[in-house]
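Trainee: The following file, coords-v3.cif, comprises mmCIF, C-alpha atoms and all ligand atoms:
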data_protein
#
loop_
_atom_site.label_atom_id
_atom_site.label_comp_id
_atom_site.auth_asym_id
_atom_site.auth_seq_id
_atom_site.Cartn_x
_atom_site.Cartn_y
_atom_site.Cartn_z
CA MET A 2 -49.05 -79.46 29.21
CA ALA A 3 -45.34 -79.84 29.93
CA GLU A 4 -44.77 -80.07 33.65
CA THR A 5 -41.03 -79.72 33.60
CA LEU A 6 -38.65 -77.55 31.68
CA VAL A 7 -35.55 -79.07 30.13
CA VAL A 8 -32.80 -76.54 29.56
CA GLN A 9 -29.39 -78.11 29.09
CA GLN A 10 -27.41 -75.45 27.28
CA ALA A 11 -24.79 -73.70 29.37
CA ASP A 12 -24.67 -70.37 27.59
CA LYS A 13 -27.34 -67.73 27.83
CA ASN A 14 -28.26 -67.64 24.15
CA GLY A 15 -28.61 -71.43 24.09
CA LYS A 16 -30.79 -71.37 27.19
CA TYR A 17 -33.16 -68.87 25.60
CA GLU A 18 -33.26 -70.93 22.39
CA GLU A 19 -34.22 -74.03 24.35
CA LEU A 20 -36.60 -72.29 26.72
CA LEU A 21 -38.75 -70.18 24.39
CA PRO A 22 -40.38 -73.07 22.49
CA GLN A 23 -41.17 -74.72 25.84
CA ILE A 24 -42.77 -71.52 27.13
CA LYS A 25 -44.84 -71.36 23.95
CA SER A 26 -46.14 -74.90 24.39
CA LEU A 27 -46.81 -74.21 28.07
CA VAL A 28 -48.94 -71.17 27.21
CA GLU A 29 -50.68 -72.48 24.09
CA GLY A 30 -53.93 -74.19 24.97
CA GLU A 31 -54.50 -72.10 28.12
CA THR A 32 -56.58 -68.96 27.76
CA ASN A 33 -56.26 -67.53 31.27
CA ARG A 34 -53.86 -64.57 31.27
CA VAL A 35 -52.91 -64.78 34.95
CA ALA A 36 -52.12 -68.50 34.64
CA ASN A 37 -50.00 -67.94 31.55
CA LEU A 38 -48.07 -64.90 32.77
CA SER A 39 -47.45 -66.68 36.08
CA ASN A 40 -45.88 -69.64 34.30
CA VAL A 41 -43.80 -67.37 32.05
CA ALA A 42 -42.41 -65.56 35.10
CA ALA A 43 -41.68 -68.89 36.81
CA ALA A 44 -40.02 -70.36 33.71
CA LEU A 45 -37.68 -67.36 33.38
CA LYS A 46 -36.88 -67.37 37.09
CA MET A 47 -36.19 -71.14 37.11
CA THR A 48 -33.96 -71.02 34.05
CA PHE A 49 -31.88 -67.93 34.78
CA ASP A 50 -32.31 -67.50 38.53
CA PHE A 51 -33.02 -63.81 38.01
CA PHE A 52 -33.51 -61.79 41.19
CA TRP A 53 -37.00 -60.64 40.15
CA VAL A 54 -39.12 -61.42 37.09
CA GLY A 55 -42.63 -60.16 36.57
CA PHE A 56 -45.26 -58.29 34.67
CA TYR A 57 -46.85 -54.90 35.18
CA LEU A 58 -50.19 -54.52 33.40
CA VAL A 59 -51.58 -51.24 32.07
CA GLU A 60 -54.78 -50.41 33.91
CA SER A 61 -56.44 -46.98 34.04
CA GLU A 62 -53.31 -45.19 32.79
CA GLN A 63 -51.07 -46.84 35.40
CA LEU A 64 -48.93 -49.96 35.53
CA VAL A 65 -50.28 -52.38 38.11
CA LEU A 66 -48.26 -55.30 39.48
CA GLY A 67 -49.13 -58.61 37.84
CA PRO A 68 -47.79 -62.16 38.09
CA PHE A 69 -44.19 -62.24 39.28
CA GLN A 70 -41.47 -64.30 40.97
CA GLY A 71 -39.21 -62.74 43.56
CA PRO A 72 -39.45 -60.39 46.52
CA ILE A 73 -42.53 -58.22 47.05
CA ALA A 74 -42.60 -55.21 44.76
CA CYS A 75 -44.26 -51.83 44.36
CA THR A 76 -47.81 -52.22 43.12
CA ARG A 77 -48.43 -49.16 40.93
CA ILE A 78 -46.18 -47.17 38.60
CA ALA A 79 -47.21 -44.00 36.76
CA LYS A 80 -46.53 -43.52 33.06
CA GLY A 81 -43.02 -42.16 32.52
CA LYS A 82 -41.88 -43.08 36.05
CA GLY A 83 -39.08 -45.52 36.77
CA VAL A 84 -37.66 -47.87 34.17
CA CYS A 85 -41.03 -49.58 33.70
CA GLY A 86 -43.01 -46.36 33.22
CA LYS A 87 -40.36 -45.02 30.83
CA ALA A 88 -40.35 -48.23 28.72
CA TRP A 89 -44.15 -47.96 28.57
CA GLU A 90 -44.07 -44.27 27.59
CA MET A 91 -41.37 -44.79 24.94
CA ASN A 92 -42.67 -48.20 23.81
CA GLU A 93 -39.08 -49.35 23.82
CA THR A 94 -37.01 -52.07 25.46
CA LEU A 95 -34.74 -50.48 28.09
CA VAL A 96 -31.54 -52.15 29.28
CA VAL A 97 -30.19 -50.54 32.46
CA PRO A 98 -26.66 -51.73 33.39
CA ASN A 99 -26.67 -49.86 36.72
CA VAL A 100 -30.03 -48.88 38.18
CA ASP A 101 -28.41 -46.24 40.40
CA GLU A 102 -27.48 -44.34 37.26
CA PHE A 103 -31.00 -44.38 35.78
CA PRO A 104 -32.77 -41.10 36.63
CA GLY A 105 -35.99 -41.85 38.47
CA HIS A 106 -35.35 -45.57 38.93
CA ILE A 107 -37.87 -47.00 41.41
CA ALA A 108 -36.01 -49.15 43.93
CA CYS A 109 -38.40 -51.89 45.03
CA SER A 110 -35.35 -53.62 46.52
CA SER A 111 -31.89 -52.26 47.26
CA ASP A 112 -30.53 -55.64 46.06
CA SER A 113 -31.57 -54.91 42.48
CA LYS A 114 -28.52 -53.69 40.51
CA SER A 115 -29.42 -53.95 36.83
CA GLU A 116 -32.65 -54.28 34.95
CA ILE A 117 -34.32 -54.87 31.58
CA VAL A 118 -37.88 -53.85 30.75
CA ILE A 119 -39.69 -54.94 27.60
CA PRO A 120 -43.06 -53.53 26.50
CA ILE A 121 -45.86 -55.87 25.44
CA VAL A 122 -47.91 -54.37 22.62
CA LYS A 123 -51.41 -55.16 21.39
CA ASN A 124 -53.01 -53.19 18.53
CA ASN A 125 -50.17 -50.64 18.62
CA SER A 126 -50.66 -49.86 22.34
CA VAL A 127 -48.53 -50.98 25.25
CA VAL A 128 -50.72 -53.25 27.40
CA ALA A 129 -48.06 -54.49 29.84
CA VAL A 130 -44.34 -54.66 30.44
CA LEU A 131 -42.05 -57.53 31.40
CA ASP A 132 -39.57 -56.41 34.05
CA VAL A 133 -36.48 -58.46 34.92
CA ASP A 134 -34.09 -57.44 37.69
CA SER A 135 -30.66 -58.80 38.57
CA ASN A 136 -28.67 -58.48 41.77
CA GLN A 137 -25.53 -58.16 39.60
CA LEU A 138 -24.44 -55.03 37.78
CA ASN A 139 -24.51 -55.10 33.97
CA ASP A 140 -26.30 -58.45 33.79
CA PHE A 141 -28.40 -57.83 30.64
CA ASP A 142 -27.32 -57.37 27.05
CA HIS A 143 -28.54 -57.66 23.47
CA ILE A 144 -29.02 -61.43 23.90
CA ASP A 145 -31.60 -60.87 26.66
CA ALA A 146 -33.13 -57.97 24.74
CA THR A 147 -33.49 -60.01 21.54
CA HIS A 148 -35.04 -63.11 23.10
CA LEU A 149 -37.23 -61.33 25.64
CA THR A 150 -38.50 -58.97 22.95
CA GLU A 151 -39.40 -61.98 20.80
CA LEU A 152 -41.20 -63.50 23.79
CA CYS A 153 -43.09 -60.28 24.55
CA THR A 154 -44.08 -59.75 20.91
CA TRP A 155 -45.59 -63.23 20.97
CA LEU A 156 -47.26 -62.70 24.38
CA GLY A 157 -48.93 -59.56 22.99
CA THR A 158 -50.66 -61.69 20.38
CA VAL A 159 -51.66 -64.67 22.53
CA CYS A 160 -52.22 -63.33 26.05
CA PHE A 161 -53.86 -59.94 25.53
N1 LIG A 201 -37.34 -50.86 39.21
C1 LIG A 201 -38.59 -50.71 38.53
C2 LIG A 201 -39.76 -50.89 39.47
C3 LIG A 201 -40.26 -52.28 39.53
S1 LIG A 201 -39.30 -53.31 40.47
O1 LIG A 201 -37.95 -53.35 39.96
C4 LIG A 201 -39.93 -54.81 40.55
C5 LIG A 201 -38.66 -49.35 37.87
O2 LIG A 201 -37.79 -48.50 38.07
O3 LIG A 201 -39.61 -49.13 37.12
#
Here is a file; write its structure as structure tokens.

Mentor:
Amino acid sequence: MAETLVVQQADKNGKYEELLPQIKSLVEGETNRVANLSNVAAALKMTFDFFWVGFYLVESEQLVLGPFQGPIACTRIAKGKGVCGKAWEMNETLVVPNVDEFPGHIACSSDSKSEIVIPIVKNNSVVAVLDVDSNQLNDFDHIDATHLTELCTWLGTVCF
């Protein structure tokens, strides 16, 4: 198992291109979901210094807080509520440039300014979401959406 990440590119797209293969080799060979999702959250946090990175897992028709990096967060989110619950309900990646303008946004921290949420799908059902928060407005774009969606598509096949 790789014990360090090497990400030398300066631009965001290059960082994702370097990081994703390393995440895949970190996760391959380990079957424990908590261990793997924990390392994915840590790898994203280390590389991009996001304010908050973590997973919410579908359990009994709710999202329940899973492995994450960042400040403490709300533990349960109902379907359709907040950005996470909406991404789950719609089975769609949601990019929110300004969380204050998203109806029903759940503010776990007032420092969070923008957000991206990507569903993780297994057998055509959403089983979890990846939630990434920034303390900067408008911090996520199609580059994040493309690479994080690729990551989550892959996680749906290997971790769930
Ligand atoms: N803001 C999210 C809640 C989770 S925290 O950001 C970690 C939402 O509106 O669903």

Trainee: Which residues are near region 77-90 of chain A? Cut-off 12 Å, all atoms listed in the file, ignore same chain within fewer than 5 positions. Put them as a PDB file with C-alpha atoms, in the frame of the given file.

Mentor:
ATOM      1  CA  GLY A  55     -42.630 -60.160  36.570  1.00  0.00           C
ATOM      2  CA  PHE A  56     -45.260 -58.290  34.670  1.00  0.00           C
ATOM      3  CA  TYR A  57     -46.850 -54.900  35.180  1.00  0.00           C
ATOM      4  CA  LEU A  58     -50.190 -54.520  33.400  1.00  0.00           C
ATOM      5  CA  VAL A  59     -51.580 -51.240  32.070  1.00  0.00           C
ATOM      6  CA  GLU A  60     -54.780 -50.410  33.910  1.00  0.00           C
ATOM      7  CA  SER A  61     -56.440 -46.980  34.040  1.00  0.00           C
ATOM      8  CA  GLU A  62     -53.310 -45.190  32.790  1.00  0.00           C
ATOM      9  CA  GLN A  63     -51.070 -46.840  35.400  1.00  0.00           C
ATOM     10  CA  LEU A  64     -48.930 -49.960  35.530  1.00  0.00           C
ATOM     11  CA  VAL A  65     -50.280 -52.380  38.110  1.00  0.00           C
ATOM     12  CA  LEU A  66     -48.260 -55.300  39.480  1.00  0.00           C
ATOM     13  CA  GLY A  67     -49.130 -58.610  37.840  1.00  0.00           C
ATOM     14  CA  LEU A  95     -34.740 -50.480  28.090  1.00  0.00           C
ATOM     15  CA  VAL A  96     -31.540 -52.150  29.280  1.00  0.00           C
ATOM     16  CA  VAL A  97     -30.190 -50.540  32.460  1.00  0.00           C
ATOM     17  CA  PRO A  98     -26.660 -51.730  33.390  1.00  0.00           C
ATOM     18  CA  ASN A  99     -26.670 -49.860  36.720  1.00  0.00           C
ATOM     19  CA  VAL A 100     -30.030 -48.880  38.180  1.00  0.00           C
ATOM     20  CA  ASP A 101     -28.410 -46.240  40.400  1.00  0.00           C
ATOM     21  CA  GLU A 102     -27.480 -44.340  37.260  1.00  0.00           C
ATOM     22  CA  PHE A 103     -31.000 -44.380  35.780  1.00  0.00           C
ATOM     23  CA  PRO A 104     -32.770 -41.100  36.630  1.00  0.00           C
ATOM     24  CA  GLY A 105     -35.990 -41.850  38.470  1.00  0.00           C
ATOM     25  CA  HIS A 106     -35.350 -45.570  38.930  1.00  0.00           C
ATOM     26  CA  ILE A 107     -37.870 -47.000  41.410  1.00  0.00           C
ATOM     27  CA  ALA A 108     -36.010 -49.150  43.930  1.00  0.00           C
ATOM     28  CA  CYS A 109     -38.400 -51.890  45.030  1.00  0.00           C
ATOM     29  CA  SER A 115     -29.420 -53.950  36.830  1.00  0.00           C
ATOM     30  CA  GLU A 116     -32.650 -54.280  34.950  1.00  0.00           C
ATOM     31  CA  ILE A 117     -34.320 -54.870  31.580  1.00  0.00           C
ATOM     32  CA  VAL A 118     -37.880 -53.850  30.750  1.00  0.00           C
ATOM     33  CA  ILE A 119     -39.690 -54.940  27.600  1.00  0.00           C
ATOM     34  CA  PRO A 120     -43.060 -53.530  26.500  1.00  0.00           C
ATOM     35  CA  ILE A 121     -45.860 -55.870  25.440  1.00  0.00           C
ATOM     36  CA  VAL A 122     -47.910 -54.370  22.620  1.00  0.00           C
ATOM     37  CA  ASN A 125     -50.170 -50.640  18.620  1.00  0.00           C
ATOM     38  CA  SER A 126     -50.660 -49.860  22.340  1.00  0.00           C
ATOM     39  CA  VAL A 127     -48.530 -50.980  25.250  1.00  0.00           C
ATOM     40  CA  VAL A 128     -50.720 -53.250  27.400  1.00  0.00           C
ATOM     41  CA  ALA A 129     -48.060 -54.490  29.840  1.00  0.00           C
ATOM     42  CA  VAL A 130     -44.340 -54.660  30.440  1.00  0.00           C
ATOM     43  CA  LEU A 131     -42.050 -57.530  31.400  1.00  0.00           C
ATOM     44  CA  ASP A 132     -39.570 -56.410  34.050  1.00  0.00           C
ATOM     45  CA  VAL A 133     -36.480 -58.460  34.920  1.00  0.00           C
ATOM     46  CA  ASP A 134     -34.090 -57.440  37.690  1.00  0.00           C
TER      47      ASP A 134
END

Trainee: Kindly indicate which residue among A:Leu45, A:Ala36, A:Met91, A:Ala74 lies nearest to Val8 (chain A), using all atoms listed in the file for the distances.

Mentor: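 Closest to Val8 (chain A), using all atoms listed in the file: A:Leu45.
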
Trainee: Calculate, to one decimal in Å, the centre and edge lengths of the box along x, y and z of the file that holds all listed atoms of region 101-120 of chain A with 8 Å of margin on each side, and present them as JSON.

Mentor:
{"center_x": -35.3, "center_y": -48.4, "center_z": 36.9, "size_x": 31.6, "size_y": 30.5, "size_z": 36.8}

Trainee: Write out as a ChimeraX atom specification the residues lying within 12 Å of His148 (chain A), counting all atoms listed in the file and excluding same-chain residues fewer than 2 positions away.

Mentor: /A:13-22,45,94,117,119,141-146,150-155

Trainee: Taking into account all atoms listed in the file, which residue in the set A:Leu149, A:Pro72, A:Phe49, A:Ser110 is nearest to Gln10 (chain A)?

Mentor: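 Using all atoms listed in the file, the shortest distance to Gln10 (chain A) belongs to A:Phe49.
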
Trainee: In Å, how far is it from CA of Gly71 (chain A) to atom O1 of ligand LIG 201 (chain A)?

Mentor: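 Calculated distance between CA of Gly71 (chain A) and atom O1 of ligand LIG 201 (chain A) is 10.1 Å.
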
Trainee: To one decimal in Å, tell me the separation between CA of Pro68 (chain A) and CA of Ala42 (chain A).

Mentor: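 Atom-to-atom, CA of Pro68 (chain A) and CA of Ala42 (chain A) are spaced 7.0 Å apart.
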
Trainee: Could you give me, as number ranges by chain, the residues that sit within 7 Å of (-55.0, -57.9, 25.2) in the file's coordinates, counting only C-alpha atoms?

Mentor: A: 123, 128, 157, 160-161

Trainee: One decimal, Å: what's the distance from CA of Ala44 (chain A) over to CA of Asn124 (chain A), could you say?

Mentor: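 Distance between the two atoms: 26.3 Å.
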
Trainee: Out of A:Gln9, A:Asn40, A:Thr147, A:Ser111, which residue has the shortest atom-to-atom distance to Phe52 (chain A) when counting all atoms listed in the file?

Mentor: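 Among A:Gln9, A:Asn40, A:Thr147, A:Ser111, it is A:Ser111 that comes nearest to Phe52 (chain A).
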
Trainee: Hey, which of A:Ser113, A:Thr5, A:Thr158, A:Asn136 ends up closest to Gln23 (chain A)? Count only C-alpha atoms.

Mentor: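 Once distances to Gln23 (chain A) are computed over only C-alpha atoms, the minimum belongs to A:Thr5.
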
Trainee: Kindly indicate which residue among A:Leu156, A:Val41, A:Cys75, A:Leu27 lies nearest to ligand LIG 201 (chain A), using only C-alpha atoms and all ligand atoms for the distances.

Mentor: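 Selected residue with least distance to ligand LIG 201 (chain A): A:Cys75.
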
Trainee: Considering all atoms listed in the file, can you say which of A:Arg34, A:Lys46, A:Lys114, A:Lys25 comes closest to ligand LIG 201 (chain A)?

Mentor: A:Lys114
